[in-house]
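Here's the structure, in structure tokens; my notes come after.
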Amino acid sequence: MILTGGGDCPGLNAVIRAIVKRAKQEDDWQVIGSMEAFNGVLREPMELMKLNNKTTAGIHVKGGTILKTTNKGNPFDFPIENQDGSVSIIDRSDELIQKIRDIGVEAVISIGGDGSQRISQKLFEKGLNIVGVPKTIDNDLSATDSTFGFRTAVHIATDSFDKLVTTAESHHRVMIMEVMGRDAGWIALNTAIAGGAEVCLIPEIPYDIQKVVDHVNQRYEKGSGFANIVIAEGAKPKDGSVVSRKSDEVGYENIRLGGVAYQLADQLKAAGCKADIREAVLGHTQRGGTPVSFDRVLATLFGVKAFELVLNEQYGQMVSLRNNEITSVSLKEATSGNNFVDKDSFLVHAAKSTGISFGD
Ligand code: F6P
């Protein structure tokens with residue numbers, strides 16, 4: 001059984017297709033999908049999809065996931081709506097495992113981010129035969145050198161950045177582009193280098209607004225009449241906090257980020273930026289559409305490896321890319337840390353060396 005959980009990510013369909021194709025090479029394996037993560041199993045009647053060459057043909061080039069997804073389906077903290085409209089949170093993990101066993105499922109492959117892999121580890125501890133496949137555009141998982149979806153997000157953001165440069169230049173404006181990434185600055189940093197930004201603000205390096213304004217003003221003084229800034233949604237000023245709001249969606253466990261570009265525009269003005277400023281918040285465009293070829297390849301490698309872990313009964317493992325090799329790590333290790341930008345890394349050094357200010 002395959003499922004996709006958490007936010008969608010370009011490359012999910014390529015993983016599904018690769019698992020199906022690899023399984024086809026063995027005798028007696030049938031692959032099914034649970035719709036919307038584990039919700040498909042928990043529903044009555046169950047919502048499952050037969051996965052075979054016919055249902056997965058050509059899907060590797062499509063964004064999204066044919067199995068749909070949700071970040072509101074944690075079986076350990078499952079939201080149930082009561083008759084009076086109130087919501088109770090209950091543990092449905094035992095029921096889930098029983099239902100999976102009742103329909104004769106040998107093993108589960110869960111494709112998801114850190115939240116989904118934590119759920120996988122807890123289900124593994126309860127005896128479920130499960131392996132994980134990491135996915136996230138944020139690239140913030142420490143147990144793999146890279147996740148599919150990340151490069152597509154950077155590609156989309158860079159494409160948008162290039163477009164914003166020409167309009168900034170025409171209007172002598174400061175253009176602020178906000179990208180996703182949650183608490184990690186990988187998308188912002190890579191986009192800033194690829195696009196040639198003047199300023200890049202990331203969560204790992206809290207910024208001093210005066211330094212940002214000085215950098216922008218100097219550029220105008222030197223005669224370049226425009227500036228392009230990339231800011232990660234999780235960036236914050238020194239002594240400040242991230243721009244976030246609590247979600248009112250039942251069962252949604254994350255804090256919602258987004259909107260820091262507007263705060264930065266106000267801060268720039270207040271700190272003496274004379275230029276006109278415009279903001280562009282890219283949002284979910286970064287997760288949509290066709291995966292770039294690198295992500296299709298990585299997703300395919302992960303899918304094949306995931307099925308082979310199942311074949312070898314190596315449960316409780318998550319597939320991973322390490323030093324250009326496809327390998328696996330325990331789900332426990334996979335969920336024990338995050339991958340953040342190191343401010344002393346060569347990537348940051350290279351960005352600074354090519355004139356990008358981090359406001360530090
Ligand atoms: O984790 C991936 C991600 O796209 C983050 O970059 C972003 O903060 C979040 O998901 C958005 O989640 P949602 O799709 O629930 O709004």
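Convention: chains lettered A, B, ... in structure tokens order; per-chain residue numbering from 1; ligands numbered from 1 as shown.
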Counting only C-alpha atoms and all ligand atoms, which residues in chain A sit no more than 10 Å from ligand 1? For each one, give the nearest pair of atoms and the distance in Å, sorted by chain then residue number, as a Markdown table.
```
| residue | atom | partner | partner_atom_place_in_ligand_line | distance |
| --- | --- | --- | --- | --- |
| A:Gly6 | CA | ligand 1 | 15 (O) | 7.6 |
| A:Gly7 | CA | ligand 1 | 14 (O) | 5.1 |
| A:Asp8 | CA | ligand 1 | 14 (O) | 7.3 |
| A:Cys9 | CA | ligand 1 | 2 (C) | 7.8 |
| A:Thr70 | CA | ligand 1 | 15 (O) | 8.4 |
| A:Asn71 | CA | ligand 1 | 15 (O) | 6.8 |
| A:Lys72 | CA | ligand 1 | 15 (O) | 9.2 |
| A:Gly112 | CA | ligand 1 | 1 (O) | 9.9 |
| A:Gly113 | CA | ligand 1 | 1 (O) | 7.4 |
| A:Asp114 | CA | ligand 1 | 1 (O) | 9.0 |
| A:Gly115 | CA | ligand 1 | 1 (O) | 9.6 |
| A:Lys135 | CA | ligand 1 | 1 (O) | 9.0 |
| A:Thr136 | CA | ligand 1 | 2 (C) | 5.8 |
| A:Ile137 | CA | ligand 1 | 2 (C) | 5.7 |
| A:Asp138 | CA | ligand 1 | 6 (O) | 5.5 |
| A:Asn139 | CA | ligand 1 | 1 (O) | 8.8 |
| A:Asp140 | CA | ligand 1 | 1 (O) | 8.7 |
| A:Gly149 | CA | ligand 1 | 2 (C) | 9.7 |
| A:Phe150 | CA | ligand 1 | 2 (C) | 9.6 |
| A:Ala153 | CA | ligand 1 | 4 (O) | 9.3 |
| A:Val179 | CA | ligand 1 | 6 (O) | 7.9 |
| A:Met180 | CA | ligand 1 | 6 (O) | 4.1 |
| A:Gly181 | CA | ligand 1 | 6 (O) | 3.8 |
| A:Arg182 | CA | ligand 1 | 8 (O) | 4.4 |
| A:Asp183 | CA | ligand 1 | 8 (O) | 8.2 |
| A:Ala184 | CA | ligand 1 | 6 (O) | 8.6 |
| A:Gly185 | CA | ligand 1 | 6 (O) | 9.9 |
| A:Ile187 | CA | ligand 1 | 6 (O) | 8.9 |
| A:Ala232 | CA | ligand 1 | 6 (O) | 9.1 |
| A:Glu233 | CA | ligand 1 | 8 (O) | 7.2 |
| A:Gly234 | CA | ligand 1 | 8 (O) | 8.1 |
| A:Ser244 | CA | ligand 1 | 8 (O) | 9.7 |
| A:Ser247 | CA | ligand 1 | 15 (O) | 9.1 |
| A:Glu249 | CA | ligand 1 | 15 (O) | 9.8 |
| A:Tyr252 | CA | ligand 1 | 15 (O) | 7.8 |
| A:Glu253 | CA | ligand 1 | 15 (O) | 9.3 |
| A:Asn254 | CA | ligand 1 | 15 (O) | 7.6 |
| A:Ile255 | CA | ligand 1 | 8 (O) | 8.2 |
| A:Arg256 | CA | ligand 1 | 8 (O) | 6.4 |
| A:Leu257 | CA | ligand 1 | 8 (O) | 5.4 |
| A:Gly258 | CA | ligand 1 | 8 (O) | 7.2 |
| A:Gly283 | CA | ligand 1 | 4 (O) | 7.7 |
| A:His284 | CA | ligand 1 | 4 (O) | 6.7 |
| A:Thr285 | CA | ligand 1 | 4 (O) | 9.5 |
| A:Gln286 | CA | ligand 1 | 4 (O) | 7.7 |
| A:Arg287 | CA | ligand 1 | 4 (O) | 6.7 |
```
Can you write out the residues you just picked, keeping N, CA and C atoms, as a compact mmCIF listing (two decimals), in the first residue's frame?
```
# COMPACT_ATOMS: atom_id res chain seq x y z
N GLY A 6 0.95 14.94 4.02
CA GLY A 6 1.51 16.29 4.17
C GLY A 6 1.26 17.11 2.92
N GLY A 7 1.99 18.21 2.78
CA GLY A 7 1.80 19.06 1.60
C GLY A 7 2.26 18.35 0.34
N ASP A 8 1.65 18.66 -0.79
CA ASP A 8 2.08 17.99 -2.02
C ASP A 8 3.44 18.56 -2.46
N CYS A 9 4.01 17.93 -3.47
CA CYS A 9 5.40 18.23 -3.80
C CYS A 9 5.68 17.65 -5.19
N THR A 70 -3.17 15.04 2.46
CA THR A 70 -3.74 15.88 3.51
C THR A 70 -2.72 16.08 4.61
N ASN A 71 -2.78 17.23 5.28
CA ASN A 71 -2.00 17.36 6.51
C ASN A 71 -2.94 17.45 7.71
N LYS A 72 -4.11 16.83 7.55
CA LYS A 72 -5.10 16.83 8.63
C LYS A 72 -5.52 15.39 8.96
N GLY A 112 6.22 11.13 2.50
CA GLY A 112 5.82 12.34 3.22
C GLY A 112 7.00 13.09 3.82
N GLY A 113 6.72 14.22 4.42
CA GLY A 113 7.74 15.05 5.05
C GLY A 113 8.01 14.61 6.48
N ASP A 114 8.60 15.50 7.28
CA ASP A 114 9.01 15.08 8.63
C ASP A 114 7.82 14.67 9.50
N GLY A 115 6.69 15.38 9.36
CA GLY A 115 5.50 15.02 10.14
C GLY A 115 5.03 13.61 9.80
N LYS A 135 9.83 13.54 1.28
CA LYS A 135 9.47 14.55 0.25
C LYS A 135 9.31 15.89 0.94
N THR A 136 9.81 16.91 0.36
CA THR A 136 9.50 18.27 0.76
C THR A 136 10.21 19.26 -0.16
N ILE A 137 9.52 20.31 -0.52
CA ILE A 137 10.19 21.35 -1.30
C ILE A 137 11.17 22.11 -0.41
N ASP A 138 10.99 22.02 0.91
CA ASP A 138 11.80 22.83 1.83
C ASP A 138 13.24 22.33 1.96
N ASN A 139 13.48 21.06 1.60
CA ASN A 139 14.82 20.44 1.70
C ASN A 139 15.34 20.44 3.14
N ASP A 140 14.47 20.31 4.10
CA ASP A 140 14.90 20.51 5.49
C ASP A 140 15.04 19.21 6.30
N GLY A 149 11.49 17.66 -5.38
CA GLY A 149 10.56 18.78 -5.22
C GLY A 149 11.29 20.08 -4.96
N PHE A 150 12.41 19.98 -4.26
CA PHE A 150 13.18 21.17 -3.90
C PHE A 150 13.69 21.91 -5.14
N ALA A 153 11.01 23.68 -6.98
CA ALA A 153 10.62 24.93 -6.29
C ALA A 153 11.63 26.04 -6.58
N VAL A 179 9.50 33.62 -0.71
CA VAL A 179 9.42 32.21 -1.09
C VAL A 179 9.12 31.35 0.13
N MET A 180 8.75 30.10 -0.14
CA MET A 180 8.43 29.17 0.95
C MET A 180 9.72 28.60 1.56
N GLY A 181 9.56 27.60 2.40
CA GLY A 181 10.73 26.95 3.00
C GLY A 181 10.57 26.67 4.49
N ARG A 182 9.48 27.18 5.05
CA ARG A 182 9.23 27.03 6.49
C ARG A 182 10.41 27.59 7.29
N ASP A 183 11.05 26.81 8.17
CA ASP A 183 12.14 27.35 9.00
C ASP A 183 13.50 27.27 8.33
N ALA A 184 13.52 26.84 7.07
CA ALA A 184 14.80 26.67 6.37
C ALA A 184 14.90 27.64 5.19
N GLY A 185 16.11 28.13 4.94
CA GLY A 185 16.29 29.14 3.90
C GLY A 185 16.81 28.60 2.58
N ILE A 187 15.42 27.37 -0.22
CA ILE A 187 14.81 27.85 -1.48
C ILE A 187 15.25 29.30 -1.72
N ALA A 232 12.80 34.52 2.67
CA ALA A 232 12.14 33.26 3.00
C ALA A 232 10.97 33.55 3.94
N GLU A 233 9.91 32.79 3.81
CA GLU A 233 8.71 33.03 4.63
C GLU A 233 9.00 32.97 6.13
N GLY A 234 10.04 32.23 6.51
CA GLY A 234 10.36 32.08 7.94
C GLY A 234 11.43 33.04 8.43
N SER A 244 3.40 34.76 11.30
CA SER A 244 2.67 33.50 11.21
C SER A 244 1.28 33.66 11.81
N SER A 247 -3.74 28.17 12.23
CA SER A 247 -4.77 27.77 11.27
C SER A 247 -6.05 27.42 12.01
N GLU A 249 -8.17 25.44 10.52
CA GLU A 249 -8.60 24.20 9.89
C GLU A 249 -8.49 23.05 10.90
N TYR A 252 -5.32 20.53 11.47
CA TYR A 252 -4.09 21.07 10.87
C TYR A 252 -3.14 21.45 12.00
N GLU A 253 -1.98 20.78 12.03
CA GLU A 253 -1.13 20.92 13.22
C GLU A 253 -0.04 21.98 13.09
N ASN A 254 0.21 22.48 11.86
CA ASN A 254 1.30 23.44 11.68
C ASN A 254 0.84 24.88 11.87
N ILE A 255 1.81 25.72 12.14
CA ILE A 255 1.59 27.17 12.12
C ILE A 255 1.65 27.60 10.66
N ARG A 256 0.79 28.50 10.23
CA ARG A 256 0.85 28.95 8.84
C ARG A 256 1.76 30.17 8.70
N LEU A 257 2.75 30.04 7.84
CA LEU A 257 3.66 31.15 7.57
C LEU A 257 3.18 31.89 6.33
N GLY A 258 3.75 33.07 6.10
CA GLY A 258 3.40 33.81 4.88
C GLY A 258 3.08 35.25 5.18
N GLY A 283 4.03 31.81 -2.85
CA GLY A 283 3.11 30.82 -2.28
C GLY A 283 3.17 29.48 -2.96
N HIS A 284 1.99 28.90 -3.20
CA HIS A 284 1.91 27.51 -3.65
C HIS A 284 2.27 27.29 -5.11
N THR A 285 2.55 28.37 -5.85
CA THR A 285 3.04 28.15 -7.23
C THR A 285 4.33 27.32 -7.18
N GLN A 286 5.07 27.47 -6.08
CA GLN A 286 6.36 26.75 -5.95
C GLN A 286 6.19 25.24 -5.82
N ARG A 287 4.98 24.81 -5.52
CA ARG A 287 4.74 23.37 -5.35
C ARG A 287 3.97 22.77 -6.51
```
>> Quick one: residues within 12 Å of Gln98 of chain A, only C-alpha atoms, excluding same-chain residues fewer than 3 positions away - as a PyMOL selection string?
In response: chain A and resi 41-42+92-95+101-105+123+126-128
> Just asking: which residues within segment 19-265 of chain A are helix (DSSP H, G or I) according to DSSP, as a PyMOL selection string?
Replying inline: chain A and resi 19-24+39-42+53-56+59-61+75-77+93-102+114-125+150-171+186-195+209-221+260-265
>> Please return, as an MDAnalysis selection string, all residues of segment 133-350 of chain A that DSSP assigns to strand (DSSP E) on the basis of the backbone.
In response: chainID A and resid 133:134 174:179 199:201 227:232 244:246 255:257 277:281 317:322 325:330
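Using only C-alpha atoms, the shortest contact distance between Asn228 of chain A and any of A:Ile119, A:Ser357, A:Gly303, A:Gly288 is found at A:Ser357.
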>> Just the number, please: distance in Å from atom CA of Thr56 of chain A to atom CA of Arg17 of chain A, one decimal.
In response: 5.5 Å
>> Report as a ChimeraX atom specification all protein, DNA and RNA residues lying within 10 Å of Lys305 of chain A, evaluated on only C-alpha atoms, omitting residues in the same chain fewer than 3 positions from it.
In response: /A:15,18-19,22,133,299-302,308-311,318-320,326-328
Kindly export the residues of the current selection with C-alpha atoms, as a compact mmCIF listing (two decimals), in the first residue's frame.
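Dumped everything to part-v2.txt:
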```txt
# COMPACT_ATOMS: atom_id res chain seq x y z
CA VAL A 15 7.66 7.85 -6.87
CA ALA A 18 8.44 3.77 -9.94
CA ILE A 19 7.12 1.62 -7.07
CA ARG A 22 9.48 -2.15 -9.84
CA VAL A 133 10.08 8.08 1.32
CA ALA A 299 11.79 10.45 -7.11
CA THR A 300 12.19 7.39 -9.36
CA LEU A 301 15.34 6.26 -7.53
CA PHE A 302 13.54 6.67 -4.19
CA GLU A 308 13.29 -3.03 -2.55
CA LEU A 309 13.30 -2.23 1.17
CA VAL A 310 9.85 -3.84 1.32
CA LEU A 311 11.07 -6.82 -0.70
CA MET A 318 13.42 5.66 5.12
CA VAL A 319 15.11 5.90 1.72
CA SER A 320 17.77 8.54 1.47
CA ILE A 326 20.68 5.81 -2.75
CA THR A 327 20.60 4.20 0.66
CA SER A 328 18.32 4.10 3.71
```
>> Neighbouring residues of segment 279-281 of chain A were defined as those with any atom within 8 Å, considering only C-alpha atoms; residues of the same chain fewer than 5 positions away were excluded. Please report them as an MDAnalysis selection string.
In response: chainID A and resid 175:179 258:259 261:262 265
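Nearest to Ser160 of chain A of all the residues A:Leu282, A:Ala197, A:Ile66, A:Ile202 is A:Leu282, based on only C-alpha atoms.
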>> When you count only C-alpha atoms, which of these residues is closest to Ala168 of chain A: A:Ile356, A:Ala275, A:Leu141, A:Val213?
In response: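 Selected residue with least distance to Ala168 of chain A: A:Ala275.
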>> For a test of reading the model, state the distance in Å between atom CA of Arg118 of chain A and atom CA of Thr147 of chain A, rounded to one decimal.
In response: 16.6 Å
> Quick one, how far is atom CA of Ala188 of chain A from atom CA of Val260 of chain A?
Replying inline: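 Going from atom CA of Ala188 of chain A over to atom CA of Val260 of chain A covers 13.0 Å.
For the set A:Lys62, A:Lys246, A:Lys269, A:Arg278, the residue with the smallest atom-to-atom gap to Val165 of chain A is A:Arg278, counting only C-alpha atoms.
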